[in-house]
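Chemist: Below you'll find my_file32.txt; it's compact mmCIF, C-alpha atoms and all ligand atoms.
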# COMPACT_ATOMS: atom_id res chain seq x y z
CA MET T 3 -11.43 8.85 -2.17
CA ARG T 4 -14.09 6.66 -0.60
CA SER T 5 -15.55 7.21 2.84
CA ALA T 6 -13.19 6.08 5.62
CA LEU T 7 -15.55 3.44 6.95
CA PRO T 8 -17.05 0.69 4.77
CA ARG T 9 -20.77 0.19 5.19
CA PHE T 10 -21.84 -3.00 6.92
CA SER T 11 -21.38 -6.21 4.94
CA PRO T 12 -23.82 -9.07 5.68
CA ALA T 13 -21.07 -11.61 4.92
CA THR T 14 -19.40 -10.82 8.24
CA PHE T 15 -22.05 -12.07 10.65
CA ALA T 16 -23.17 -14.98 8.47
CA ALA T 17 -20.00 -16.90 9.36
CA CYS T 18 -20.73 -16.91 13.10
CA SER T 19 -21.11 -20.48 14.41
CA GLY T 20 -22.43 -19.37 17.81
CA CYS T 21 -19.50 -20.95 19.68
CA ASP T 22 -19.55 -18.16 22.30
CA ILE T 23 -15.77 -17.93 22.66
CA CYS T 24 -15.89 -14.17 22.01
CA ALA T 25 -17.87 -13.69 25.23
CA LEU T 26 -15.00 -15.02 27.35
CA ALA T 27 -12.80 -12.12 26.22
CA CYS T 28 -15.48 -9.43 26.21
CA PRO T 29 -15.69 -6.85 29.01
CA VAL T 30 -19.34 -6.24 28.18
CA TRP T 31 -20.12 -9.92 28.83
CA GLN T 32 -17.87 -9.93 31.89
CA GLN T 33 -19.88 -7.12 33.45
CA THR T 34 -23.42 -7.75 32.17
CA HIS T 35 -23.66 -11.47 31.37
CA ASP T 36 -26.11 -10.38 28.69
CA VAL T 37 -25.45 -12.35 25.51
CA ARG T 38 -27.43 -9.84 23.43
CA LEU T 39 -24.65 -7.32 24.03
CA THR T 40 -21.85 -9.61 22.76
CA PRO T 41 -20.62 -10.26 19.20
CA LYS T 42 -22.44 -13.60 19.27
CA GLY T 43 -25.62 -11.81 20.31
CA ARG T 44 -25.32 -9.34 17.45
CA ALA T 45 -24.50 -12.04 14.90
CA THR T 46 -27.36 -14.29 16.04
CA ALA T 47 -29.82 -11.42 15.87
CA LEU T 48 -28.65 -10.43 12.38
CA GLN T 49 -28.73 -14.04 11.18
CA GLY T 50 -32.34 -14.10 12.36
CA GLY T 51 -33.18 -11.07 10.22
CA ALA T 52 -32.73 -8.22 12.71
CA SER T 53 -31.56 -4.85 11.41
CA ALA T 54 -28.94 -2.53 12.93
CA GLU T 55 -31.79 -0.51 14.42
CA ASP T 56 -33.05 -3.60 16.27
CA ILE T 57 -29.72 -3.97 18.10
CA VAL T 58 -28.93 -0.34 18.91
CA GLU T 59 -28.22 -1.10 22.57
CA SER T 60 -25.77 -3.86 21.69
CA LEU T 61 -23.96 -1.67 19.15
CA GLY T 62 -23.66 1.17 21.66
CA ALA T 63 -22.32 -1.14 24.39
CA CYS T 64 -19.11 -2.28 22.66
CA THR T 65 -15.87 -0.67 23.88
CA LEU T 66 -14.06 -1.56 20.62
CA CYS T 67 -11.26 -3.10 22.68
CA GLY T 68 -10.79 -5.69 19.92
CA SER T 69 -10.34 -8.62 22.29
CA CYS T 70 -13.02 -10.69 20.54
CA VAL T 71 -11.28 -10.50 17.15
CA PRO T 72 -8.30 -12.80 17.85
CA ALA T 73 -10.58 -14.99 20.02
CA CYS T 74 -13.03 -15.73 17.18
CA PRO T 75 -12.23 -19.07 15.49
CA GLU T 76 -14.15 -17.97 12.39
CA ARG T 77 -11.83 -14.95 12.06
CA ILE T 78 -14.75 -12.55 11.68
CA ASP T 79 -13.75 -8.90 11.74
CA LEU T 80 -15.96 -8.26 14.76
CA VAL T 81 -14.74 -4.70 15.37
CA GLY T 82 -15.24 -3.90 11.68
CA MET T 83 -18.71 -5.44 11.89
CA THR T 84 -19.67 -3.27 14.86
CA LEU T 85 -18.25 -0.14 13.25
CA GLY T 86 -20.04 -0.88 9.98
CA LEU T 87 -23.34 -1.33 11.82
CA ARG T 88 -22.74 1.89 13.77
CA ALA T 89 -22.23 3.62 10.41
CA ASP T 90 -25.55 2.20 9.23
CA LEU T 91 -27.23 3.61 12.33
CA ALA T 92 -25.56 7.00 11.90
CA ALA T 93 -26.70 7.15 8.27
CA LYS T 94 -30.26 6.75 9.54
CA GLY T 95 -29.77 9.28 12.33
CA ARG T 96 -30.01 6.52 14.96
CA SER T 97 -26.44 6.31 16.26
CA PRO T 98 -26.43 6.51 20.08
CA LEU T 99 -22.81 7.68 19.98
CA ALA T 100 -22.99 10.30 17.24
CA PRO T 101 -24.24 13.10 19.53
CA LEU T 102 -21.45 12.28 22.01
CA ALA T 103 -18.78 12.36 19.33
CA ALA T 104 -20.12 15.52 17.74
CA GLY T 105 -18.41 17.77 20.27
CA MET T 106 -15.10 15.98 19.74
CA ILE T 107 -14.79 16.15 15.99
CA GLU T 108 -13.45 19.67 15.50
CA PRO T 109 -10.36 19.28 13.33
CA PRO T 110 -7.18 21.05 14.46
CA ARG T 111 -7.23 24.72 13.38
CA GLU T 112 -3.54 25.23 12.66
CA VAL T 113 -1.55 22.42 11.18
CA SER T 114 2.08 22.93 10.25
CA LYS T 115 3.21 21.28 7.02
CA ALA T 116 6.39 19.73 8.37
CA ASN T 117 8.40 17.54 6.02
CA VAL T 118 7.97 14.08 7.52
CA ARG T 119 10.09 12.25 4.98
CA LEU T 120 12.19 9.61 6.74
CA LYS T 121 11.08 10.85 10.15
CA THR T 122 9.08 9.20 12.88
CA VAL T 123 5.71 10.91 13.25
CA LEU T 124 4.22 10.72 16.73
CA LEU T 125 0.43 11.00 16.99
CA ALA T 126 0.31 12.01 20.64
CA GLU T 127 -2.86 12.01 22.69
CA GLU T 128 -3.86 15.22 24.46
CA ARG T 129 -2.54 14.11 27.83
CA LEU T 130 0.91 13.48 26.43
CA LEU T 131 0.94 16.84 24.64
CA ALA T 132 0.06 18.49 27.95
CA ASP T 133 2.97 16.81 29.76
CA PRO T 134 6.19 18.33 28.35
CA SER T 135 8.60 16.16 30.35
CA LEU T 136 6.87 12.91 29.36
CA LEU T 137 6.61 14.12 25.75
CA ALA T 138 10.36 14.86 25.78
CA ALA T 139 11.05 11.38 27.20
CA ALA T 140 8.84 9.78 24.52
CA THR T 141 10.59 11.77 21.78
CA LEU T 142 13.96 10.65 23.09
CA ARG T 143 12.88 6.99 23.08
CA LEU T 144 11.81 7.39 19.45
CA GLY T 145 15.21 8.67 18.34
CA GLY T 146 15.40 12.26 19.57
CA PRO T 147 13.98 15.59 18.35
CA ALA T 148 16.00 15.57 15.11
CA HIS T 149 14.29 12.36 14.00
CA VAL T 150 10.80 12.80 15.42
CA ILE T 151 7.93 15.06 14.42
CA VAL T 152 5.16 15.43 16.96
CA ALA T 153 2.13 15.85 14.71
CA ASP T 154 -0.10 18.91 15.10
CA ASP T 155 -2.84 16.91 13.45
CA THR T 156 -3.39 13.76 15.53
CA GLY T 157 -6.53 12.66 13.70
CA PHE T 158 -8.39 12.73 17.00
CA ASP T 159 -11.52 14.04 15.30
CA ILE T 160 -11.32 11.27 12.70
CA ALA T 161 -11.00 8.59 15.39
CA ALA T 162 -14.00 9.98 17.29
CA ALA T 163 -16.10 10.08 14.12
CA LEU T 164 -15.16 6.53 13.12
CA GLU T 165 -15.87 5.21 16.60
CA ALA T 166 -19.36 6.71 16.47
CA GLY T 167 -20.00 5.64 12.87
CA ILE T 168 -20.09 9.21 11.54
CA PRO T 169 -18.72 9.52 7.98
CA VAL T 170 -15.38 11.28 7.66
CA ALA T 171 -15.20 13.84 4.86
CA PRO T 172 -12.74 12.57 2.22
CA GLU T 173 -11.03 16.01 2.13
CA ARG T 174 -10.47 15.90 5.91
CA LEU T 175 -9.06 12.37 5.73
CA GLU T 176 -6.78 13.37 2.87
CA GLU T 177 -5.54 16.39 4.83
CA PHE T 178 -4.67 14.13 7.77
CA LEU T 179 -2.95 11.48 5.67
CA ALA T 180 -0.98 14.07 3.68
CA GLY T 181 0.82 14.89 6.93
CA LEU T 182 1.89 11.26 7.35
CA ARG T 183 2.87 10.13 3.85
CA GLY T 184 6.58 9.49 3.45
CA ALA T 185 7.17 9.03 7.17
CA LEU T 186 9.65 6.37 8.24
CA ARG T 187 7.05 5.16 10.74
CA VAL T 188 3.93 6.43 12.47
CA VAL T 189 3.74 5.97 16.23
CA THR T 190 0.42 6.17 18.07
CA THR T 191 -0.38 6.57 21.75
CA GLU T 192 -3.84 5.01 21.46
CA GLY T 193 -4.46 2.08 19.17
CA PHE T 194 -7.93 2.70 17.76
CA LEU T 195 -6.67 4.19 14.48
CA ASN T 196 -3.87 1.64 14.00
CA SER T 197 -5.75 -0.80 11.79
CA PHE T 198 -7.13 2.07 9.71
CA LEU T 199 -3.68 3.63 9.35
CA ARG T 200 -2.32 0.31 8.09
CA LYS T 201 -4.91 0.29 5.33
CA TRP T 202 -4.54 3.99 4.52
CA LEU T 203 -0.72 3.99 4.52
CA PRO T 204 0.39 0.62 3.13
CA GLY T 205 4.12 0.15 3.53
CA THR T 206 4.43 2.56 6.46
CA PRO T 207 5.10 0.79 9.78
CA ILE T 208 2.39 1.70 12.30
CA ARG T 209 3.57 1.12 15.84
CA SER T 210 2.30 1.92 19.32
CA LEU T 211 4.41 4.13 21.55
CA GLY T 212 4.59 1.25 24.02
CA GLU T 213 6.06 -1.20 21.52
CA SER T 214 8.45 1.48 20.22
CA CYS T 215 9.78 2.16 23.72
CA LEU T 216 10.14 -1.56 24.43
CA ALA T 217 12.30 -1.96 21.33
CA LEU T 218 15.06 -0.26 23.35
CA ALA T 219 17.13 -2.48 25.65
CA GLU T 220 17.34 0.43 28.07
CA THR T 221 13.55 0.41 28.51
CA ARG T 222 13.38 -3.33 28.93
CA ARG T 223 16.18 -3.23 31.52
CA ALA T 224 14.12 -0.78 33.56
CA LEU T 225 11.24 -3.28 33.89
CA ARG T 226 11.18 -5.35 37.08
CA PRO T 227 9.73 -8.80 37.80
CA THR T 228 7.39 -7.12 40.30
CA ASP T 229 5.93 -4.76 37.64
CA LEU T 230 2.55 -5.22 36.03
CA TYR T 231 2.81 -4.02 32.43
CA LEU T 232 -0.53 -2.76 31.12
CA LEU T 233 -0.78 -3.07 27.34
CA ASP T 234 -2.85 -0.68 25.25
CA ALA T 235 -5.53 -3.25 24.37
CA ARG T 236 -6.65 -1.64 21.12
CA ALA T 237 -3.13 -1.34 19.72
CA TYR T 238 -2.32 -4.92 20.76
CA HIS T 239 -5.43 -6.53 19.29
CA ALA T 240 -5.13 -4.50 16.08
CA ASP T 241 -1.83 -6.27 15.31
CA PHE T 242 -2.27 -9.39 17.39
CA GLU T 243 -0.39 -12.01 15.39
CA ARG T 244 2.75 -9.90 15.16
CA LEU T 245 2.64 -8.76 18.78
CA VAL T 246 2.05 -12.02 20.68
CA PRO T 247 5.69 -13.14 20.30
CA VAL T 248 6.93 -9.58 21.01
CA TYR T 249 5.22 -9.46 24.41
CA ASP T 250 5.97 -13.13 25.18
CA THR T 251 9.65 -12.32 24.72
CA LEU T 252 9.26 -9.25 26.93
CA ARG T 253 7.78 -11.31 29.75
CA HIS T 254 10.47 -13.97 29.37
CA GLU T 255 13.27 -11.39 29.30
CA THR T 256 12.14 -9.14 32.15
CA GLY T 257 9.94 -11.38 34.30
CA CYS T 258 7.27 -8.65 34.49
CA ASP T 259 3.59 -9.56 34.52
CA LEU T 260 1.38 -8.51 31.59
CA SER T 261 -2.30 -7.60 31.51
CA LEU T 262 -3.10 -10.65 29.39
CA ASP T 263 -5.55 -13.42 30.10
CA LEU T 264 -4.85 -17.11 29.56
CA GLN T 265 -5.60 -16.80 25.83
CA HIS T 266 -3.02 -14.02 25.42
CA LEU T 267 -5.74 -11.40 25.02
CA ALA T 268 -5.21 -7.99 26.62
CA ILE T 269 -7.79 -7.06 29.24
CA THR T 270 -8.91 -3.49 28.62
CA THR T 271 -9.60 -0.81 31.22
CA ALA T 272 -12.06 0.56 28.62
CA ALA T 273 -11.11 4.07 29.77
CA ASN T 274 -10.57 5.30 26.22
CA ALA T 275 -13.84 3.97 24.77
CA LEU T 276 -16.21 6.71 23.64
CA ASN T 277 -19.09 5.24 25.63
CA SER T 278 -16.95 4.98 28.80
CA ARG T 279 -15.87 8.63 28.50
CA PHE T 280 -19.50 9.69 28.56
CA GLY T 281 -20.69 6.98 30.95
CA THR T 282 -23.25 5.62 28.48
CA GLY T 283 -21.86 2.09 28.09
CA PRO T 284 -22.45 -0.80 30.46
CA VAL T 285 -18.73 -1.33 31.13
CA ARG T 286 -17.50 0.33 34.32
CA VAL T 287 -13.81 1.19 34.19
CA ALA T 288 -13.44 0.55 37.93
CA GLU T 289 -14.58 -3.05 37.43
CA GLN T 290 -12.12 -3.49 34.58
CA VAL T 291 -9.25 -2.29 36.75
CA LYS T 292 -10.39 -4.71 39.45
CA TRP T 293 -10.42 -7.54 36.88
CA ILE T 294 -6.90 -6.68 35.73
CA LEU T 295 -5.51 -6.49 39.28
CA GLU T 296 -7.35 -9.56 40.58
CA GLY T 297 -4.85 -11.93 42.18
CA ARG T 298 -1.93 -9.59 41.45
CA ARG T 299 0.14 -7.52 43.87
CA PRO T 300 2.48 -5.51 41.63
CA SER T 301 4.92 -3.03 43.16
CA ARG T 302 4.02 -0.64 40.32
CA VAL T 303 1.95 -0.55 37.13
CA VAL T 304 3.68 0.44 33.89
CA VAL T 305 1.23 1.72 31.27
CA GLU T 306 1.39 2.28 27.52
CA ASN T 307 -1.73 4.42 27.48
CA MET T 308 -2.15 7.46 29.71
CA GLU T 309 -5.91 7.00 30.13
CA ASP T 310 -5.23 3.49 31.43
CA GLY T 311 -2.77 5.01 33.90
CA GLU T 312 -5.36 7.50 35.11
CA ALA T 313 -7.92 4.72 35.50
CA VAL T 314 -5.57 2.66 37.69
CA ARG T 315 -4.60 5.71 39.78
CA ARG T 316 -8.25 6.55 40.31
CA GLU T 317 -9.13 3.10 41.52
CA ARG T 318 -5.99 2.05 43.40
CA ASN T 319 -3.40 3.88 45.40
CA MET T 320 -0.30 2.43 43.78
CA PRO T 321 2.64 3.71 41.74
CA VAL T 322 1.81 4.08 38.04
CA VAL T 323 4.38 5.11 35.46
CA HIS T 324 4.30 5.49 31.68
CA VAL T 325 6.57 3.15 29.71
CA ALA T 326 8.31 6.16 28.10
CA ALA T 327 9.40 7.31 31.56
CA ILE T 328 10.50 4.10 33.25
CA SER T 329 14.22 4.52 32.69
CA ALA T 330 14.14 7.66 34.76
CA ALA T 331 11.65 6.30 37.28
CA LYS T 332 12.90 5.36 40.73
S1 LIG K 401 -14.56 -5.21 20.85
FE1 LIG K 401 -14.36 -5.64 23.06
S2 LIG K 401 -16.24 -4.87 23.97
FE2 LIG K 401 -16.61 -5.01 21.77
S3 LIG K 401 -17.53 -7.00 21.47
FE3 LIG K 401 -15.33 -7.27 21.17
S4 LIG K 401 -14.53 -7.89 23.17
FE4 LIG K 401 -16.60 -7.03 23.50
S1 LIG K 402 -16.34 -16.32 18.64
FE1 LIG K 402 -16.92 -15.78 16.52
S2 LIG K 402 -18.00 -17.58 15.77
FE2 LIG K 402 -17.91 -17.79 18.01
S3 LIG K 402 -19.86 -16.87 18.73
FE3 LIG K 402 -18.31 -15.25 18.76
S4 LIG K 402 -18.54 -14.25 16.75
FE4 LIG K 402 -19.57 -16.21 16.61
Translate the structure described by the file into structure tokens.
Ligand code: SF4
Ligand code: SF4

Modeler:
Amino acid sequence: MRSALPRFSPATFAACSGCDICALACPVWQQTHDVRLTPKGRATALQGGASAEDIVESLGACTLCGSCVPACPERIDLVGMTLGLRADLAAKGRSPLAPLAAGMIEPPREVSKANVRLKTVLLAEERLLADPSLLAAATLRLGGPAHVIVADDTGFDIAAALEAGIPVAPERLEEFLAGLRGALRVVTTEGFLNSFLRKWLPGTPIRSLGESCLALAETRRALRPTDLYLLDARAYHADFERLVPVYDTLRHETGCDLSLDLQHLAITTAANALNSRFGTGPVRVAEQVKWILEGRRPSRVVVENMEDGEAVRRERNMPVVHVAAISAAK
């Protein structure tokens, strides 16, 4: 099996026309107004002959929210381009994120070999695993314990390595994927791995926990017109074309507000980005929350991603509830 992350391909940046549309969606631009740190800045530098090492700061700044990908009229895989360049840096020992990720890439020690055939496999983030009542509510929304396997191996180490550009050992990737093959669907609580999982497991539906909960009429009925629904930006942008009509219908049906801008791009809190976790990136989560709430006065915020929920709670004193729990919420 090949390495999980393709090395950087020059064909990706060559197509950039310099239109600058990506900047409008980019939290790095929003907060820094420094074009060098945007996809356009990276592409322009590379077109001019710069190497990955010449744009280390720009590569380390990206939150990988994916918002620029659907915005780009040239359809450049801008997240893939950044990840490929980070892999180039890591190969040369120059990745600014590799040392941060190093402490996070311990694989799980004990992994049960549950038979996932025709089951839903839930890749639950740590916070959800540590919250038994929310985990039980999520399991129920996905069909109940008889139909759902909560994976011991969430691939968290693989996601951290990929985000930093560190190669993933083929044996480790195979071990992770072996626990998912044959599943009816794989449900994720954070969307970074979604586009990878689609490539690794062709034919297996890869869904976010948020979308899976919203598929139930009971969940949709629990949403109010005064709610602000905060999408998991990475999951949304990773499957943008399919999900735009899904969330448009949700807004039409429930009247709730969504954390989308005028171009239907999800504004990220950036709380789950590796560089935000360690405070090395230029994007401040507090500013992102402010951007999302600007001009809005929701009675509560419904989140798909628990880190987003924590970010909103930290910055604003307002009710925040996870989408898996809204039926029971008062
Ligand atoms: S992935 Fe997000 S942070 Fe990175 S360049 Fe695109 S819009 Fe900006
Ligand atoms: S939107 Fe695409 S084509 Fe336009 S500047 Fe950004 S990367 Fe280049």

Chemist: Output as AutoDock Vina command-line options the centre and edge lengths (Å, one decimal) of the box along x, y and z of the file that holds every listed atom of ligand LIG 402 (chain K) after adding 8 Å on each side.

Modeler:
--center_x -18.1 --center_y -16.0 --center_z 17.3 --size_x 19.5 --size_y 19.5 --size_z 19.0

Chemist: Can you tell me which residues sit at most 6 Å away from ligand LIG 401 (chain K), counting all atoms listed in the file, written as a VMD selection string?

Modeler: chain T and resid 27 to 30 40 to 41 64 to 70 81

Chemist: CA of Thr270 in chain T and CA of Ala313 in chain T, how far apart in Å?

Modeler: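 Computed distance, CA of Ala313 in chain T to CA of Thr270 in chain T, equals 10.8 Å.
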
Chemist: Please return as a PDB file with C-alpha atoms, keeping the file's coordinate frame every residue within 12 Å of (-11.3, -5.0, 36.0), taking into account only C-alpha atoms and the file's own coordinates.

Modeler:
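Written file, point_22.pdb:
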ATOM      1  CA  CYS T  28     -15.480  -9.430  26.210  1.00  0.00           C
ATOM      2  CA  PRO T  29     -15.690  -6.850  29.010  1.00  0.00           C
ATOM      3  CA  VAL T  30     -19.340  -6.240  28.180  1.00  0.00           C
ATOM      4  CA  GLN T  32     -17.870  -9.930  31.890  1.00  0.00           C
ATOM      5  CA  GLN T  33     -19.880  -7.120  33.450  1.00  0.00           C
ATOM      6  CA  SER T 261      -2.300  -7.600  31.510  1.00  0.00           C
ATOM      7  CA  LEU T 262      -3.100 -10.650  29.390  1.00  0.00           C
ATOM      8  CA  ASP T 263      -5.550 -13.420  30.100  1.00  0.00           C
ATOM      9  CA  ALA T 268      -5.210  -7.990  26.620  1.00  0.00           C
ATOM     10  CA  ILE T 269      -7.790  -7.060  29.240  1.00  0.00           C
ATOM     11  CA  THR T 270      -8.910  -3.490  28.620  1.00  0.00           C
ATOM     12  CA  THR T 271      -9.600  -0.810  31.220  1.00  0.00           C
ATOM     13  CA  ALA T 272     -12.060   0.560  28.620  1.00  0.00           C
ATOM     14  CA  ALA T 273     -11.110   4.070  29.770  1.00  0.00           C
ATOM     15  CA  VAL T 285     -18.730  -1.330  31.130  1.00  0.00           C
ATOM     16  CA  ARG T 286     -17.500   0.330  34.320  1.00  0.00           C
ATOM     17  CA  VAL T 287     -13.810   1.190  34.190  1.00  0.00           C
ATOM     18  CA  ALA T 288     -13.440   0.550  37.930  1.00  0.00           C
ATOM     19  CA  GLU T 289     -14.580  -3.050  37.430  1.00  0.00           C
ATOM     20  CA  GLN T 290     -12.120  -3.490  34.580  1.00  0.00           C
ATOM     21  CA  VAL T 291      -9.250  -2.290  36.750  1.00  0.00           C
ATOM     22  CA  LYS T 292     -10.390  -4.710  39.450  1.00  0.00           C
ATOM     23  CA  TRP T 293     -10.420  -7.540  36.880  1.00  0.00           C
ATOM     24  CA  ILE T 294      -6.900  -6.680  35.730  1.00  0.00           C
ATOM     25  CA  LEU T 295      -5.510  -6.490  39.280  1.00  0.00           C
ATOM     26  CA  GLU T 296      -7.350  -9.560  40.580  1.00  0.00           C
ATOM     27  CA  GLY T 297      -4.850 -11.930  42.180  1.00  0.00           C
ATOM     28  CA  ARG T 298      -1.930  -9.590  41.450  1.00  0.00           C
ATOM     29  CA  ASP T 310      -5.230   3.490  31.430  1.00  0.00           C
ATOM     30  CA  ALA T 313      -7.920   4.720  35.500  1.00  0.00           C
ATOM     31  CA  VAL T 314      -5.570   2.660  37.690  1.00  0.00           C
ATOM     32  CA  GLU T 317      -9.130   3.100  41.520  1.00  0.00           C
ATOM     33  CA  ARG T 318      -5.990   2.050  43.400  1.00  0.00           C
TER      34      ARG T 318
END

Chemist: Counting only C-alpha atoms and all ligand atoms, figure out which residue out of T:Ser329, T:Ser19, T:Thr156, T:Thr282 gets nearest to ligand LIG 402 (chain K).

Modeler: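 Going through T:Ser329, T:Ser19, T:Thr156, T:Thr282 one by one, the smallest distance to ligand LIG 402 (chain K) is for T:Ser19.
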
Chemist: Rounded to one decimal in Å, what is the spacing between CA of Ala166 in chain T and CA of Ala103 in chain T?

Modeler: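 Interatomic distance, CA of Ala166 in chain T to CA of Ala103 in chain T: 6.4 Å.
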
Chemist: Can you tell me which residues come within 10 Å of ligand LIG 402 (chain K) when counting all atoms listed in the file, ideally as a VMD selection string?

Modeler: chain T and resid 14 to 28 37 40 to 46 70 to 80

Chemist: Using all atoms listed in the file and a cutoff of 12 Å, can you tell me which residues are near (11.1, -9.5, 27.8) in the file's coordinates, and write them out as a ChimeraX atom specification?

Modeler: /T:213,216-227,231,246-260

Chemist: Those same residues - C-alpha atoms - I'd like them written as a PDB file, in the coordinates of the input.

Modeler:
ATOM      1  CA  GLU T 213       6.060  -1.200  21.520  1.00  0.00           C
ATOM      2  CA  LEU T 216      10.140  -1.560  24.430  1.00  0.00           C
ATOM      3  CA  ALA T 217      12.300  -1.960  21.330  1.00  0.00           C
ATOM      4  CA  LEU T 218      15.060  -0.260  23.350  1.00  0.00           C
ATOM      5  CA  ALA T 219      17.130  -2.480  25.650  1.00  0.00           C
ATOM      6  CA  GLU T 220      17.340   0.430  28.070  1.00  0.00           C
ATOM      7  CA  THR T 221      13.550   0.410  28.510  1.00  0.00           C
ATOM      8  CA  ARG T 222      13.380  -3.330  28.930  1.00  0.00           C
ATOM      9  CA  ARG T 223      16.180  -3.230  31.520  1.00  0.00           C
ATOM     10  CA  ALA T 224      14.120  -0.780  33.560  1.00  0.00           C
ATOM     11  CA  LEU T 225      11.240  -3.280  33.890  1.00  0.00           C
ATOM     12  CA  ARG T 226      11.180  -5.350  37.080  1.00  0.00           C
ATOM     13  CA  PRO T 227       9.730  -8.800  37.800  1.00  0.00           C
ATOM     14  CA  TYR T 231       2.810  -4.020  32.430  1.00  0.00           C
ATOM     15  CA  VAL T 246       2.050 -12.020  20.680  1.00  0.00           C
ATOM     16  CA  PRO T 247       5.690 -13.140  20.300  1.00  0.00           C
ATOM     17  CA  VAL T 248       6.930  -9.580  21.010  1.00  0.00           C
ATOM     18  CA  TYR T 249       5.220  -9.460  24.410  1.00  0.00           C
ATOM     19  CA  ASP T 250       5.970 -13.130  25.180  1.00  0.00           C
ATOM     20  CA  THR T 251       9.650 -12.320  24.720  1.00  0.00           C
ATOM     21  CA  LEU T 252       9.260  -9.250  26.930  1.00  0.00           C
ATOM     22  CA  ARG T 253       7.780 -11.310  29.750  1.00  0.00           C
ATOM     23  CA  HIS T 254      10.470 -13.970  29.370  1.00  0.00           C
ATOM     24  CA  GLU T 255      13.270 -11.390  29.300  1.00  0.00           C
ATOM     25  CA  THR T 256      12.140  -9.140  32.150  1.00  0.00           C
ATOM     26  CA  GLY T 257       9.940 -11.380  34.300  1.00  0.00           C
ATOM     27  CA  CYS T 258       7.270  -8.650  34.490  1.00  0.00           C
ATOM     28  CA  ASP T 259       3.590  -9.560  34.520  1.00  0.00           C
ATOM     29  CA  LEU T 260       1.380  -8.510  31.590  1.00  0.00           C
TER      30      LEU T 260
END

Chemist: May I ask for the distance between CA of Leu276 in chain T and CA of Ile107 in chain T, given in Å to one decimal place?

Modeler: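 Separation of CA of Leu276 in chain T and CA of Ile107 in chain T: 12.2 Å.
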
Chemist: Determine the nearest neighbour of Asp155 in chain T from the options T:Gly281, T:Gly181, T:Gly311, T:Pro207, counting only C-alpha atoms.

Modeler: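 Looking only at the distances to Asp155 in chain T, the closest residue turns out to be T:Gly181.
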
Chemist: For a quick check of understanding, using all atoms listed in the file, which of T:Ser278, T:Thr228, T:Gln265, T:Thr191 has the smallest distance to Ser301 in chain T?

Modeler: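 So, comparing all the options, the nearest one is T:Thr228.
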
Chemist: Counting all atoms listed in the file, which residue out of T:Ala89, T:Cys215, T:Val150, T:Ile160 sits closest to Glu177 in chain T?

Modeler: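 Among the listed residues, T:Ile160 lies closest to Glu177 in chain T.
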
Chemist: Which residue is closest to Leu87 in chain T? Choose from T:Leu130, T:Ala139, T:Ala116, T:Leu164 and count all atoms listed in the file.

Modeler: T:Leu164

Chemist: T:Asn117, T:Leu179, T:Met106, T:Leu136: which is nearest Ala161 in chain T, counting only C-alpha atoms?

Modeler: T:Met106

Chemist: Compile the contact shell of Ala185 in chain T as a list of chain:residue names: residues with an atom at most 12 Å away, counting all atoms listed in the file, same-chain residues fewer than 6 positions apart removed.

Modeler: T:Ala116, T:Asn117, T:Val118, T:Arg119, T:Leu120, T:Lys121, T:Thr122, T:Val123, T:Leu124, T:His149, T:Val150, T:Ile151, T:Val152, T:Ala153, T:Leu179, T:Leu203, T:Pro204, T:Gly205, T:Thr206, T:Pro207, T:Ile208

Chemist: Hey, what's within 9 Å of range 192-202 of chain T if we count all atoms listed in the file and toss same-chain stuff fewer than 5 positions away? As a PyMOL selection string, please?

Modeler: chain T and resi 6-7+66-67+125-127+157+160-161+164-165+179+207-211+234-241+274+306-308

Chemist: Can you rebuild range 96-104 of chain T with N, CA and C atoms and give it as an mmCIF file, in the frame of the given file?

Modeler:
data_model
loop_
_atom_site.group_PDB
_atom_site.id
_atom_site.type_symbol
_atom_site.label_atom_id
_atom_site.label_comp_id
_atom_site.auth_asym_id
_atom_site.auth_seq_id
_atom_site.Cartn_x
_atom_site.Cartn_y
_atom_site.Cartn_z
ATOM 1 N N ARG T 96 -29.656 7.298 13.759
ATOM 2 C CA ARG T 96 -30.010 6.520 14.960
ATOM 3 C C ARG T 96 -28.798 6.148 15.805
ATOM 4 N N SER T 97 -27.631 6.702 15.495
ATOM 5 C CA SER T 97 -26.440 6.310 16.260
ATOM 6 C C SER T 97 -26.503 6.870 17.676
ATOM 7 N N PRO T 98 -26.396 5.996 18.702
ATOM 8 C CA PRO T 98 -26.430 6.510 20.080
ATOM 9 C C PRO T 98 -25.159 7.267 20.433
ATOM 10 N N LEU T 99 -24.099 7.059 19.650
ATOM 11 C CA LEU T 99 -22.810 7.680 19.980
ATOM 12 C C LEU T 99 -22.542 8.949 19.186
ATOM 13 N N ALA T 100 -23.259 9.128 18.089
ATOM 14 C CA ALA T 100 -22.990 10.300 17.240
ATOM 15 C C ALA T 100 -23.112 11.616 17.991
ATOM 16 N N PRO T 101 -24.158 11.813 18.813
ATOM 17 C CA PRO T 101 -24.240 13.100 19.530
ATOM 18 C C PRO T 101 -23.077 13.296 20.494
ATOM 19 N N LEU T 102 -22.571 12.183 21.081
ATOM 20 C CA LEU T 102 -21.450 12.280 22.010
ATOM 21 C C LEU T 102 -20.172 12.685 21.279
ATOM 22 N N ALA T 103 -20.008 12.097 20.094
ATOM 23 C CA ALA T 103 -18.780 12.360 19.330
ATOM 24 C C ALA T 103 -18.801 13.732 18.691
ATOM 25 N N ALA T 104 -20.001 14.272 18.497
ATOM 26 C CA ALA T 104 -20.120 15.520 17.740
ATOM 27 C C ALA T 104 -19.265 16.635 18.314
#
